[in-house]
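Visitor: Here you go, this is entry-v9.txt (compact mmCIF, C-alpha atoms).
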```txt
# COMPACT_ATOMS: atom_id res chain seq x y z
CA MET T 1 1.60 2.35 18.24
CA SER T 2 1.24 -0.33 20.84
CA ALA T 3 3.32 -3.47 20.53
CA SER T 4 0.17 -5.53 20.27
CA VAL T 5 -0.90 -3.71 17.14
CA SER T 6 2.54 -4.25 15.66
CA ASP T 7 2.39 -7.92 16.55
CA GLN T 8 -1.03 -8.25 14.99
CA LEU T 9 0.18 -6.52 11.85
CA ILE T 10 3.12 -8.87 11.51
CA ALA T 11 0.89 -11.87 12.08
CA VAL T 12 -1.49 -10.87 9.33
CA LEU T 13 1.20 -9.92 6.79
CA PRO T 14 1.21 -13.25 4.88
CA ARG T 15 -2.56 -13.08 4.39
CA LEU T 16 -2.39 -9.41 3.45
CA ARG T 17 0.28 -10.21 0.86
CA ARG T 18 -1.88 -12.96 -0.59
CA PHE T 19 -4.90 -10.67 -0.70
CA ALA T 20 -2.89 -7.85 -2.25
CA ARG T 21 -1.35 -10.18 -4.82
CA GLY T 22 -4.81 -11.12 -5.96
CA LEU T 23 -5.88 -7.50 -6.14
CA THR T 24 -2.88 -6.07 -7.93
CA GLY T 25 -1.67 -9.03 -9.95
CA THR T 26 2.04 -8.55 -9.30
CA ALA T 27 4.30 -9.23 -6.35
CA ALA T 28 5.96 -5.82 -6.40
CA GLU T 29 2.73 -3.86 -6.50
CA ALA T 30 1.20 -6.14 -3.89
CA ASP T 31 4.03 -5.48 -1.46
CA ASP T 32 3.81 -1.75 -2.13
CA LEU T 33 0.12 -1.95 -1.34
CA VAL T 34 0.70 -3.92 1.85
CA GLN T 35 3.36 -1.44 2.95
CA ALA T 36 1.00 1.45 2.33
CA ALA T 37 -1.72 -0.38 4.25
CA CYS T 38 0.60 -0.98 7.19
CA GLU T 39 1.58 2.65 7.27
CA ARG T 40 -2.01 3.81 7.10
CA ALA T 41 -2.92 1.39 9.88
CA ILE T 42 -0.13 2.75 12.01
CA THR T 43 -1.15 6.34 11.51
CA ARG T 44 -4.76 5.45 12.27
CA ALA T 45 -4.22 2.82 14.94
CA HIS T 46 -6.36 4.86 17.29
CA GLN T 47 -9.32 4.29 14.93
CA PHE T 48 -9.20 0.52 15.35
CA GLN T 49 -12.08 -0.59 17.52
CA GLU T 50 -11.07 -3.03 20.20
CA GLY T 51 -13.18 -6.14 20.11
CA THR T 52 -13.46 -6.14 16.33
CA ARG T 53 -11.40 -8.28 14.01
CA PHE T 54 -7.99 -6.83 13.30
CA ASP T 55 -7.56 -8.85 10.10
CA SER T 56 -10.84 -7.52 8.72
CA TRP T 57 -9.74 -3.99 9.52
CA MET T 58 -6.50 -4.53 7.61
CA PHE T 59 -8.27 -6.09 4.65
CA ARG T 60 -10.54 -3.07 4.56
CA ILE T 61 -7.59 -0.66 4.60
CA CYS T 62 -5.86 -2.65 1.89
CA GLN T 63 -8.94 -2.75 -0.30
CA THR T 64 -9.69 0.93 0.23
CA ILE T 65 -6.21 2.04 -0.78
CA TRP T 66 -6.25 -0.18 -3.82
CA ILE T 67 -9.68 0.83 -5.05
CA ASP T 68 -8.88 4.49 -4.44
CA GLN T 69 -5.76 4.09 -6.50
CA ILE T 70 -7.33 2.36 -9.45
CA ARG T 71 -10.24 4.77 -9.46
CA SER T 72 -7.98 7.78 -9.38
CA ARG T 73 -5.74 6.40 -12.06
CA ASN T 74 -8.56 4.79 -14.01
CA ILE T 75 -6.53 1.72 -14.69
CA ARG T 76 -7.43 -1.85 -15.24
CA LYS T 77 -4.29 -3.81 -15.02
CA GLU T 78 -3.56 -7.03 -16.75
CA ALA T 79 -1.83 -9.47 -14.50
CA HIS T 80 1.70 -10.37 -15.37
CA GLU T 81 3.69 -12.48 -12.99
CA ASP T 82 6.72 -13.32 -15.04
CA GLU T 83 9.29 -13.21 -12.31
CA GLY T 84 10.82 -16.45 -11.22
CA LEU T 85 9.68 -18.56 -14.13
CA ASN T 86 13.11 -20.00 -14.67
CA VAL T 87 12.37 -23.55 -15.67
CA GLY T 88 15.55 -25.54 -15.57
CA THR T 89 17.02 -23.80 -12.54
CA ASP T 90 17.20 -25.31 -9.08
CA GLU T 91 13.63 -24.30 -8.43
CA SER T 92 11.56 -27.39 -8.10
CA MET T 93 9.07 -28.27 -10.79
CA ARG T 94 6.34 -28.10 -8.19
CA ARG T 95 7.09 -24.47 -7.45
CA VAL T 96 7.27 -23.66 -11.13
CA GLU T 97 3.90 -25.28 -11.67
CA ALA T 98 2.49 -23.36 -8.74
CA ARG T 99 3.68 -20.10 -10.23
CA ILE T 100 2.25 -20.96 -13.61
CA ALA T 101 -1.07 -21.81 -11.96
CA LEU T 102 -0.98 -18.52 -10.07
CA ARG T 103 -0.29 -16.61 -13.26
CA GLU T 104 -3.20 -18.25 -15.06
CA VAL T 105 -5.58 -17.64 -12.20
CA GLN T 106 -4.41 -14.05 -11.86
CA ALA T 107 -4.98 -13.50 -15.55
CA ALA T 108 -8.55 -14.68 -15.06
CA LEU T 109 -8.95 -12.55 -11.93
CA ALA T 110 -7.64 -9.48 -13.72
CA THR T 111 -10.63 -9.50 -16.03
CA LEU T 112 -13.06 -9.17 -13.13
CA PRO T 113 -14.29 -5.82 -11.82
CA ALA T 114 -12.37 -4.64 -8.78
CA GLU T 115 -15.18 -5.19 -6.27
CA GLN T 116 -15.89 -8.71 -7.53
CA ARG T 117 -12.20 -9.58 -7.35
CA ALA T 118 -11.98 -8.39 -3.78
CA ALA T 119 -15.08 -10.36 -2.74
CA LEU T 120 -13.69 -13.48 -4.34
CA LEU T 121 -10.36 -13.13 -2.57
CA LEU T 122 -11.92 -12.45 0.80
CA VAL T 123 -14.42 -15.30 0.75
CA THR T 124 -13.07 -17.98 -1.53
CA VAL T 125 -9.36 -17.56 -0.90
CA ASP T 126 -9.22 -16.23 2.65
CA GLY T 127 -12.32 -18.00 3.92
CA LEU T 128 -14.20 -15.06 5.38
CA SER T 129 -17.92 -15.49 5.84
CA TYR T 130 -20.27 -13.39 3.75
CA LYS T 131 -20.99 -11.26 6.79
CA GLU T 132 -17.28 -10.71 7.46
CA ALA T 133 -16.60 -9.88 3.82
CA ALA T 134 -19.52 -7.46 3.83
CA ASP T 135 -18.01 -5.74 6.87
CA VAL T 136 -14.67 -5.43 5.11
CA ALA T 137 -16.22 -4.05 1.94
CA GLU T 138 -18.71 -1.96 3.91
CA VAL T 139 -21.61 -3.16 1.81
CA PRO T 140 -24.71 -5.27 2.59
CA VAL T 141 -24.40 -9.06 2.63
CA GLY T 142 -26.66 -9.23 -0.41
CA THR T 143 -24.18 -7.16 -2.38
CA ILE T 144 -21.39 -9.53 -1.46
CA MET T 145 -23.56 -12.48 -2.55
CA SER T 146 -24.23 -10.84 -5.87
CA ARG T 147 -20.60 -9.87 -6.49
CA LEU T 148 -19.42 -13.28 -5.46
CA ALA T 149 -21.86 -15.15 -7.67
CA ARG T 150 -20.93 -13.13 -10.74
CA ALA T 151 -17.24 -13.50 -9.96
CA ARG T 152 -17.41 -17.25 -9.36
CA VAL T 153 -19.40 -17.97 -12.50
CA ALA T 154 -17.08 -15.79 -14.58
CA LEU T 155 -13.96 -17.30 -13.05
CA GLN T 156 -15.20 -20.82 -13.66
CA ALA T 157 -15.92 -20.01 -17.29
CA LYS T 158 -12.50 -18.42 -17.81
CA LEU T 159 -10.61 -21.24 -16.16
CA GLU T 160 -12.48 -23.84 -18.16
CA ALA T 161 -11.93 -21.89 -21.34
CA GLY T 162 -8.23 -21.83 -20.52
CA GLY T 163 -8.19 -25.56 -19.86
CA HIS T 164 -7.01 -25.12 -16.29
CA ALA T 165 -9.78 -27.08 -14.70
CA ARG T 166 -9.43 -29.91 -17.16
CA ARG T 167 -5.68 -30.15 -16.57
CA SER T 168 -6.15 -30.10 -12.84
CA GLU T 169 -8.62 -32.89 -13.00
CA GLY T 170 -6.56 -34.96 -15.42
CA MET D 171 -36.93 -27.27 -6.38
CA GLN D 172 -36.91 -24.51 -8.97
CA LYS D 173 -33.71 -23.85 -10.86
CA PRO D 174 -31.60 -21.94 -8.36
CA SER D 175 -30.01 -18.59 -9.10
CA ASP D 176 -26.26 -18.21 -9.28
CA GLU D 177 -26.37 -16.42 -5.92
CA GLN D 178 -28.17 -19.34 -4.30
CA LEU D 179 -25.88 -21.88 -5.89
CA VAL D 180 -22.68 -20.13 -4.82
CA ALA D 181 -24.08 -19.58 -1.34
CA TYR D 182 -24.82 -23.31 -1.15
CA VAL D 183 -21.27 -24.19 -2.19
CA ASP D 184 -19.96 -21.75 0.41
CA GLY D 185 -22.22 -23.15 3.14
CA GLU D 186 -23.94 -19.82 3.59
CA LEU D 187 -27.56 -20.97 3.20
CA ASP D 188 -29.75 -21.63 6.19
CA ASP D 189 -30.27 -25.24 7.24
CA ALA D 190 -33.58 -25.67 5.42
CA ALA D 191 -32.28 -24.31 2.12
CA GLN D 192 -29.11 -26.31 2.45
CA ALA D 193 -31.13 -29.50 2.97
CA GLU D 194 -33.30 -28.68 -0.02
CA PHE D 195 -30.19 -28.37 -2.16
CA ASP D 196 -28.79 -31.64 -0.81
CA ALA D 197 -31.98 -33.44 -1.76
CA ALA D 198 -32.11 -31.88 -5.22
CA LEU D 199 -28.53 -32.87 -5.95
CA THR D 200 -29.34 -36.55 -5.60
CA HIS D 201 -31.52 -36.54 -8.70
CA ASP D 202 -30.50 -33.42 -10.66
CA ALA D 203 -27.38 -34.13 -12.71
CA GLU D 204 -27.25 -30.64 -14.18
CA LEU D 205 -27.32 -29.08 -10.74
CA ARG D 206 -24.59 -31.47 -9.60
CA ALA D 207 -22.43 -30.44 -12.54
CA ARG D 208 -22.85 -26.77 -11.72
CA VAL D 209 -21.95 -27.36 -8.08
CA ASP D 210 -18.93 -29.48 -9.04
CA GLY D 211 -17.73 -26.79 -11.42
CA LEU D 212 -17.96 -24.08 -8.80
CA GLN D 213 -16.23 -26.20 -6.18
CA SER D 214 -13.48 -27.09 -8.61
CA SER D 215 -12.77 -23.50 -9.62
CA ALA D 216 -12.74 -22.46 -5.97
CA GLN D 217 -10.17 -25.14 -5.20
CA ILE D 218 -8.02 -24.00 -8.11
CA LEU D 219 -8.21 -20.43 -6.88
CA ARG D 220 -7.19 -21.34 -3.33
CA ALA D 221 -4.42 -23.67 -4.52
CA ALA D 222 -2.98 -20.95 -6.73
CA PHE D 223 -2.75 -18.38 -3.95
CA ASP D 224 -1.91 -20.51 -0.93
CA PRO D 225 1.83 -20.79 -1.73
CA ILE D 226 2.09 -17.02 -1.14
CA LEU D 227 1.44 -17.69 2.55
CA ARG D 228 4.68 -19.68 2.70
CA GLU D 229 6.82 -17.06 1.00
CA PRO D 230 9.24 -15.17 3.22
CA VAL D 231 7.85 -11.76 4.10
CA PRO D 232 10.12 -8.97 2.80
CA GLU D 233 12.00 -7.11 5.49
CA ARG D 234 10.54 -3.77 4.41
CA LEU D 235 7.06 -5.03 5.22
CA LEU D 236 8.17 -6.27 8.62
CA ALA D 237 9.72 -2.86 9.21
CA ALA D 238 6.51 -1.17 8.11
CA ALA D 239 4.50 -3.36 10.47
CA ARG D 240 6.83 -2.42 13.31
CA GLY D 241 6.42 1.23 12.47
CA GLU D 242 10.04 1.57 11.51
CA THR D 243 9.45 3.01 8.07
CA LEU D 244 7.48 5.93 9.39
CA SER D 245 8.92 6.23 12.83
CA GLU D 246 7.40 9.57 13.71
CA VAL D 247 4.01 8.67 12.42
CA VAL D 248 4.13 5.62 14.65
CA ASP D 249 3.84 7.90 17.61
CA PHE D 250 1.63 10.41 15.91
CA ALA D 251 -1.43 9.89 18.05
CA THR D 252 0.63 9.86 21.21
CA ALA D 253 2.52 12.93 20.12
CA HIS D 254 -0.75 14.66 19.40
CA ASP D 255 -1.78 14.19 22.99
CA LYS D 256 1.60 15.22 24.33
CA ARG D 257 1.80 18.41 22.36
CA LYS D 258 -1.46 19.72 23.73
CA GLY D 259 -0.56 22.55 26.00
CA ARG D 260 2.90 22.93 24.57
CA GLY D 261 3.81 26.17 22.88
CA ALA D 262 6.19 26.86 20.06
CA ALA D 263 9.04 27.19 22.54
CA GLY D 264 8.65 23.56 23.40
CA ARG D 265 9.39 22.36 19.92
CA PRO D 266 12.65 20.51 20.04
CA TRP D 267 13.51 20.28 16.41
CA MET D 268 14.42 22.98 13.97
CA GLN D 269 12.92 26.44 14.02
CA TRP D 270 11.44 26.38 10.61
CA ALA D 271 9.89 29.28 8.73
CA VAL D 272 7.50 28.77 5.91
CA ALA D 273 7.90 31.52 3.39
CA ALA D 274 4.81 33.67 3.42
CA GLY D 275 4.10 33.06 -0.24
CA LEU D 276 4.11 29.35 0.35
CA MET D 277 1.81 29.32 3.34
CA GLY D 278 -1.13 28.39 1.21
CA LEU D 279 0.66 25.35 -0.04
CA MET D 280 2.16 23.94 3.10
CA ILE D 281 -0.89 22.86 4.97
CA GLY D 282 -2.12 19.66 6.49
CA GLY D 283 -2.27 17.52 9.53
CA GLY D 284 1.37 16.85 10.16
CA ALA D 285 2.01 19.46 12.77
CA GLY D 286 2.33 17.02 15.58
CA TYR D 287 5.44 15.60 14.05
CA PHE D 288 7.45 18.66 14.81
CA ALA D 289 6.25 18.87 18.36
CA ALA D 290 6.95 15.23 18.97
CA PRO D 291 10.03 14.08 20.81
CA THR D 292 13.06 13.08 18.82
CA PRO D 293 12.75 9.35 18.08
CA THR D 294 14.28 7.30 20.82
CA ASN D 295 13.97 3.91 19.25
CA GLN D 296 17.56 2.98 18.52
CA ALA D 297 16.51 0.21 16.20
CA VAL D 298 14.60 2.73 14.17
CA ALA D 299 17.60 5.01 14.00
CA ASN D 300 19.93 2.21 13.01
CA LEU D 301 17.60 0.93 10.37
CA ALA D 302 17.04 4.37 8.99
CA SER D 303 20.72 5.13 8.96
CA ALA D 304 21.50 1.97 7.08
CA ASN D 305 18.67 2.10 4.62
CA TRP D 306 17.65 5.66 4.16
CA LEU D 307 18.38 5.72 0.46
CA ASP D 308 16.29 2.58 0.08
CA ASN D 309 13.54 4.13 2.15
CA ILE D 310 13.30 7.39 0.26
CA ALA D 311 13.45 5.51 -3.04
CA GLY D 312 10.71 3.23 -1.75
CA TYR D 313 8.54 6.15 -0.70
CA HIS D 314 9.14 7.82 -4.04
CA LYS D 315 7.79 4.70 -5.74
CA LEU D 316 4.84 4.52 -3.40
CA PHE D 317 4.02 8.09 -4.19
CA VAL D 318 4.34 7.56 -7.92
CA ASN D 319 2.24 4.39 -7.80
CA ALA D 320 -0.44 5.98 -5.66
CA GLY D 321 -0.67 9.11 -7.74
CA ALA D 322 -0.88 12.64 -6.50
CA ASP D 323 -4.52 12.20 -5.54
CA ASP D 324 -3.78 9.74 -2.75
CA LEU D 325 -3.28 12.01 0.19
CA ALA D 326 -2.90 9.03 2.50
CA LEU D 327 0.75 9.04 1.56
CA VAL D 328 1.43 12.60 2.56
CA ASP D 329 1.39 14.11 6.01
CA VAL D 330 1.13 17.64 4.68
CA PRO D 331 -1.02 17.78 1.55
CA ALA D 332 -0.74 20.66 -0.87
CA ASN D 333 -4.45 21.21 -1.18
CA ASP D 334 -6.16 23.98 0.69
CA THR D 335 -8.71 23.48 3.45
CA ASP D 336 -9.58 25.63 6.39
CA ALA D 337 -8.78 22.93 8.89
CA ALA D 338 -5.42 22.29 7.36
CA ARG D 339 -4.66 25.97 7.15
CA LYS D 340 -4.79 26.13 10.94
CA ALA D 341 -2.20 23.41 11.13
CA VAL D 342 0.28 25.36 9.05
CA GLN D 343 0.98 27.53 12.05
CA LYS D 344 2.71 24.57 13.63
CA LEU D 345 5.00 23.74 10.74
CA PRO D 346 8.74 24.06 11.29
CA SER D 347 9.45 27.73 11.30
CA ASP D 348 12.56 28.01 9.10
CA PHE D 349 11.37 25.56 6.52
CA ARG D 350 11.61 26.80 2.98
CA LEU D 351 9.87 24.91 0.27
CA PRO D 352 12.01 24.68 -2.86
CA ASN D 353 10.18 26.36 -5.69
CA LEU D 354 10.64 24.05 -8.66
CA GLN D 355 7.95 25.57 -10.84
CA PRO D 356 10.56 26.89 -13.30
CA TRP D 357 11.24 23.20 -13.98
CA GLY D 358 7.54 22.56 -14.47
CA LEU D 359 7.34 20.72 -11.14
CA GLN D 360 4.28 21.24 -8.96
CA PHE D 361 4.48 20.62 -5.23
CA GLN D 362 1.97 17.96 -4.14
CA GLY D 363 2.65 17.36 -0.48
CA ALA D 364 5.16 16.33 2.14
CA ARG D 365 5.81 13.23 4.13
CA TYR D 366 7.79 12.82 7.34
CA LEU D 367 10.45 10.18 7.68
CA ILE D 368 13.85 9.45 9.14
CA VAL D 369 17.08 10.20 7.30
CA GLU D 370 20.31 9.04 8.90
CA GLY D 371 18.50 8.65 12.18
CA GLN D 372 17.11 12.19 12.18
CA PRO D 373 13.72 13.65 11.30
CA ALA D 374 13.34 14.70 7.70
CA THR D 375 10.72 15.82 5.25
CA GLN D 376 10.18 14.30 1.84
CA LEU D 377 8.59 16.69 -0.65
CA PHE D 378 6.67 15.34 -3.61
CA TYR D 379 6.56 17.08 -6.97
CA THR D 380 4.83 16.10 -10.18
CA THR D 381 5.06 17.38 -13.71
CA ASP D 382 3.45 16.88 -17.08
CA ASN D 383 6.93 16.60 -18.54
CA LYS D 384 7.32 12.86 -19.08
CA THR D 385 11.03 13.25 -19.70
CA LEU D 386 11.43 14.58 -16.20
CA GLY D 387 8.73 12.66 -14.36
CA PRO D 388 7.80 12.98 -10.69
CA LEU D 389 10.52 13.92 -8.23
CA THR D 390 10.93 13.85 -4.51
CA VAL D 391 13.20 16.09 -2.50
CA VAL D 392 14.31 15.09 1.00
CA VAL D 393 15.45 17.67 3.51
CA GLY D 394 16.49 16.69 7.00
CA THR D 395 19.00 17.13 9.77
CA THR D 396 22.15 15.11 10.23
CA ASN D 397 25.07 14.84 12.62
CA ARG D 398 27.38 13.67 9.90
CA PRO D 399 30.03 15.77 8.13
CA ASP D 400 29.39 17.63 4.91
CA LEU D 401 29.31 15.56 1.76
CA ALA D 402 29.52 16.74 -1.83
CA PRO D 403 26.59 15.78 -4.08
CA THR D 404 26.87 12.06 -4.67
CA PHE D 405 25.11 9.98 -7.26
CA ASP D 406 23.58 6.57 -6.55
CA ARG D 407 20.94 4.30 -8.03
CA ARG D 408 18.07 2.43 -6.45
CA GLY D 409 16.46 0.13 -8.99
CA ASP D 410 15.38 2.31 -11.89
CA LEU D 411 15.68 5.48 -9.84
CA ASN D 412 18.49 8.00 -9.75
CA VAL D 413 19.35 9.38 -6.33
CA LEU D 414 21.47 12.45 -5.74
CA TYR D 415 22.31 13.19 -2.13
CA TRP D 416 24.54 15.54 -0.18
CA ARG D 417 25.06 16.99 3.30
CA HIS D 418 25.68 20.58 4.21
CA HIS D 419 26.03 22.23 7.62
CA GLY D 420 23.94 19.77 9.57
CA HIS D 421 21.37 19.17 6.89
CA ALA D 422 20.96 16.15 4.63
CA TYR D 423 19.45 16.47 1.19
CA ALA D 424 18.42 14.01 -1.47
CA LEU D 425 16.77 14.22 -4.84
CA VAL D 426 15.04 11.11 -6.22
CA GLY D 427 13.53 10.47 -9.62
CA ALA D 428 13.68 8.46 -12.79
CA ALA D 429 14.87 11.53 -14.70
CA ASP D 430 18.22 11.64 -16.42
CA ILE D 431 21.02 12.40 -13.99
CA GLY D 432 21.77 15.59 -15.92
CA TYR D 433 18.36 16.95 -15.00
CA LEU D 434 18.88 15.99 -11.39
CA TRP D 435 22.26 17.73 -11.21
CA ASN D 436 20.74 20.94 -12.51
CA ILE D 437 17.73 20.75 -10.21
CA SER D 438 19.94 19.94 -7.24
CA ASN D 439 21.99 23.05 -8.03
CA ASP D 440 18.79 25.08 -7.96
CA ILE D 441 17.75 23.53 -4.63
CA GLU D 442 21.18 24.15 -3.15
CA TYR D 443 20.94 27.78 -4.14
CA GLN D 444 17.40 28.22 -2.79
CA LEU D 445 18.10 26.51 0.52
CA ASP D 446 21.58 27.93 1.05
CA ALA D 447 22.77 24.38 0.87
CA ILE D 448 25.88 24.87 -1.26
```
Could you render the structure as structure tokens?
Guide:
Amino acid sequence: MSASVSDQLIAVLPRLRRFARGLTGTAAEADDLVQAACERAITRAHQFQEGTRFDSWMFRICQTIWIDQIRSRNIRKEAHEDEGLNVGTDESMRRVEARIALREVQAALATLPAEQRAALLLVTVDGLSYKEAADVAEVPVGTIMSRLARARVALQAKLEAGGHARRSEG
Amino acid sequence: MQKPSDEQLVAYVDGELDDAAQAEFDAALTHDAELRARVDGLQSSAQILRAAFDPILREPVPERLLAAARGETLSEVVDFATAHDKRKGRGAAGRPWMQWAVAAGLMGLMIGGGAGYFAAPTPTNQAVANLASANWLDNIAGYHKLFVNAGADDLALVDVPANDTDAARKAVQKLPSDFRLPNLQPWGLQFQGARYLIVEGQPATQLFYTTDNKTLGPLTVVVGTTNRPDLAPTFDRRGDLNVLYWRHHGHAYALVGAADIGYLWNISNDIEYQLDAI
């Protein structure tokens, strides 16, 4: 593997971890997924097309591995992110609140179908355009629009039902 | 304007509409309170979503992921494509590693695309060797977990899958010639595939087995070369996994699984007997 590919991989790791956390719902599984994605990227580095976006390629690998896994295992995980919720320790209240917010949002995300969750993470969290997200998911832009709309409406309903939006505004 | 669809509304919030449609929405929002409320709700939930996940970007990246990105967790696979090119034109005599032999009865199992590994040069990256030497128990435990999490169907994790295809069958001819696959079927363990890695700075093969016996659970067996002196079977733990490892006459062995250590001792005895590793 060329050093440049390694450098690009390292540079995109934080975003891959964030994406994987949204997909899997737990830190440990997310990091396992990212590691598997890195290893697959390394073994298939020759398949990366120069001139295309490296981050999109990695998102695609990550998503492919994850969807393959959940299809083969036929699982729909509930998100549980209990680690680190030690209120009263030295951890600042802000970080605790952030983790609680993440847990609530992940619980809402976990109820969405896999493809909708991925579209939401790519566009709304990572800021990819519809076209870029469609390239990652290897589907038409219209499919991304449809998945995204259903996901956003469902997420909004779940967050409001859970009182998250009201607390955030208050 | 007519009541927009959810797709149109979300695309507006995301700035994905064309200029004319975007302007139409802007105009409608000035006098349509219901539309404004829908847009506000979508924008608010999107902000919550981003705010929840953004702190992950500031978390320290685990060392194992940095190592994976550098190609240090799969050092041979890092150079797989290069090795593939290099091995073209090289015969069996040019293989620098062990002269392995796949038992004839196992030929149908040991197939796949990993042949280049054995023809590849010994890893020269000292950092890789050092890392592997220091962390090999962590690495094999980590790969065991990856394998278990992925399930036996995910062949991306194995370099030599156990399934049978014509293309892969050709590759079996290039497998190490004195390699003997431990037959663990008497324990109810089915071989699923092999993965190449580094153990104590040397090439090794990690063999994956699964079973329907939940008491036993999936196991991995690691067989590799080592320059270090013989070592009696030694027990260790990595998280919730039991690890049993030993060295014998230039070979390193390890057995990894969540099974009770008693099971592992017995299986390791069987492996030692089969591989002349006592």
Visitor: Can you check which parts of chain T lie within 6 Å of chain D? Per residue, the shortest pair of atoms and distance in Å to one decimal, counting all atoms listed in the file, sorted by chain and number, as JSON lines.
Guide:
```
{"residue": "T:Met1", "atom": "CA", "partner": "D:Val248", "partner_atom": "CA", "distance": 5.5}
{"residue": "T:Ser6", "atom": "CA", "partner": "D:Arg240", "partner_atom": "CA", "distance": 5.2}
{"residue": "T:Leu9", "atom": "CA", "partner": "D:Ala239", "partner_atom": "CA", "distance": 5.5}
{"residue": "T:Ile10", "atom": "CA", "partner": "D:Ala239", "partner_atom": "CA", "distance": 5.8}
{"residue": "T:Pro14", "atom": "CA", "partner": "D:Leu227", "partner_atom": "CA", "distance": 5.0}
{"residue": "T:Arg18", "atom": "CA", "partner": "D:Ile226", "partner_atom": "CA", "distance": 5.7}
{"residue": "T:Gln35", "atom": "CA", "partner": "D:Leu235", "partner_atom": "CA", "distance": 5.6}
{"residue": "T:Cys38", "atom": "CA", "partner": "D:Ala239", "partner_atom": "CA", "distance": 5.6}
{"residue": "T:Ile42", "atom": "CA", "partner": "D:Val248", "partner_atom": "CA", "distance": 5.8}
{"residue": "T:Thr43", "atom": "CA", "partner": "D:Val247", "partner_atom": "CA", "distance": 5.7}
{"residue": "T:Gln69", "atom": "CA", "partner": "D:Ala320", "partner_atom": "CA", "distance": 5.7}
{"residue": "T:Ala101", "atom": "CA", "partner": "D:Ala222", "partner_atom": "CA", "distance": 5.6}
{"residue": "T:Leu102", "atom": "CA", "partner": "D:Ala222", "partner_atom": "CA", "distance": 4.6}
{"residue": "T:Val125", "atom": "CA", "partner": "D:Arg220", "partner_atom": "CA", "distance": 5.0}
{"residue": "T:Met145", "atom": "CA", "partner": "D:Glu177", "partner_atom": "CA", "distance": 5.9}
{"residue": "T:Ser146", "atom": "CA", "partner": "D:Glu177", "partner_atom": "CA", "distance": 6.0}
{"residue": "T:Ala149", "atom": "CA", "partner": "D:Glu177", "partner_atom": "CA", "distance": 5.0}
{"residue": "T:Gln156", "atom": "CA", "partner": "D:Ser215", "partner_atom": "CA", "distance": 5.4}
```
Visitor: Using all atoms listed in the file, determine which residues lie at most 12 Å from Asp196 in chain D, disregarding the query and same-chain residues fewer than 2 positions distant; provide the list as a list in words.
Guide: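 Once the nearby chain positions are removed, what remains is Met171, Leu179, Tyr182, Val183, Gly185, Leu187, Asp189, Ala190, Ala191, Gln192, Ala193, Glu194, Ala198, Leu199, Thr200, His201, Asp202, Leu205, Arg206 and Val209 of chain D.
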Visitor: Taking (19.1, 22.6, -12.0) in the coordinates of the supplied file, I want to know which residues reach to within 12 Å of it, counting all atoms listed in the file; could you give the answer as an NGL selection string?
Guide: :D and (352-359 or 386 or 425 or 430-444)
Visitor: At what distance in Å, to one decimal, does CA of Gly25 in chain T lie from CA of Gly387 in chain D?
Guide: 24.5 Å
Visitor: If we count all atoms listed in the file and set the cut-off at 8 Å, which residues sit around Ala428 in chain D, ignoring sequence neighbours fewer than 3 positions away in its own chain? Please answer as a PyMOL selection string.
Guide: chain D and resi 386-389+410-412
Visitor: One decimal, in Å: what's the spacing between CA of Ser129 in chain T and CA of Ala161 in chain T?
Guide: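 Calculated distance between CA of Ser129 in chain T and CA of Ala161 in chain T is 28.6 Å.
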Visitor: Tell me, in Å to one decimal, how far CA of Arg147 in chain T is from CA of Thr124 in chain T.
Guide: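 Atom-to-atom, CA of Arg147 in chain T to CA of Thr124 in chain T, that is 12.1 Å.
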Visitor: Choose the residue, out of T:Ala137, T:Cys62, T:Val5, T:Leu148, that has the smallest atom-to-atom separation from Ala20 in chain T; count all atoms listed in the file.
Guide: T:Cys62
Visitor: Please return as a list in words every residue within 9 Å of (-14.8, -10.6, -2.9), taking into account all atoms listed in the file and the file's own coordinates.
Guide: Ala114, Glu115, Gln116, Arg117, Ala118, Ala119, Leu120, Leu121, Leu122, Val123, Thr124, Ala133, Ala134, Ala137, Ile144, Met145, Arg147, Leu148 and Ala151 of chain T
Visitor: Write the residues you've just listed into a file as a tab-separated table (two decimals), in the coordinates of the input, and include C-alpha atoms for each of them.
Guide:
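Saved to again_18.tsv:
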```tsv
chain	number	residue	atom	x	y	z
T	114	ALA	CA	-12.37	-4.64	-8.78
T	115	GLU	CA	-15.18	-5.19	-6.27
T	116	GLN	CA	-15.89	-8.71	-7.53
T	117	ARG	CA	-12.20	-9.58	-7.35
T	118	ALA	CA	-11.98	-8.39	-3.78
T	119	ALA	CA	-15.08	-10.36	-2.74
T	120	LEU	CA	-13.69	-13.48	-4.34
T	121	LEU	CA	-10.36	-13.13	-2.57
T	122	LEU	CA	-11.92	-12.45	0.80
T	123	VAL	CA	-14.42	-15.30	0.75
T	124	THR	CA	-13.07	-17.98	-1.53
T	133	ALA	CA	-16.60	-9.88	3.82
T	134	ALA	CA	-19.52	-7.46	3.83
T	137	ALA	CA	-16.22	-4.05	1.94
T	144	ILE	CA	-21.39	-9.53	-1.46
T	145	MET	CA	-23.56	-12.48	-2.55
T	147	ARG	CA	-20.60	-9.87	-6.49
T	148	LEU	CA	-19.42	-13.28	-5.46
T	151	ALA	CA	-17.24	-13.50	-9.96
```
Visitor: Write out as a ChimeraX atom specification each polymer residue whose atoms come within 9 Å of Val12 in chain T, counting all atoms listed in the file; drop sequence neighbours fewer than 3 positions from it.
Guide: /T:7-9,15-17,54-55,58
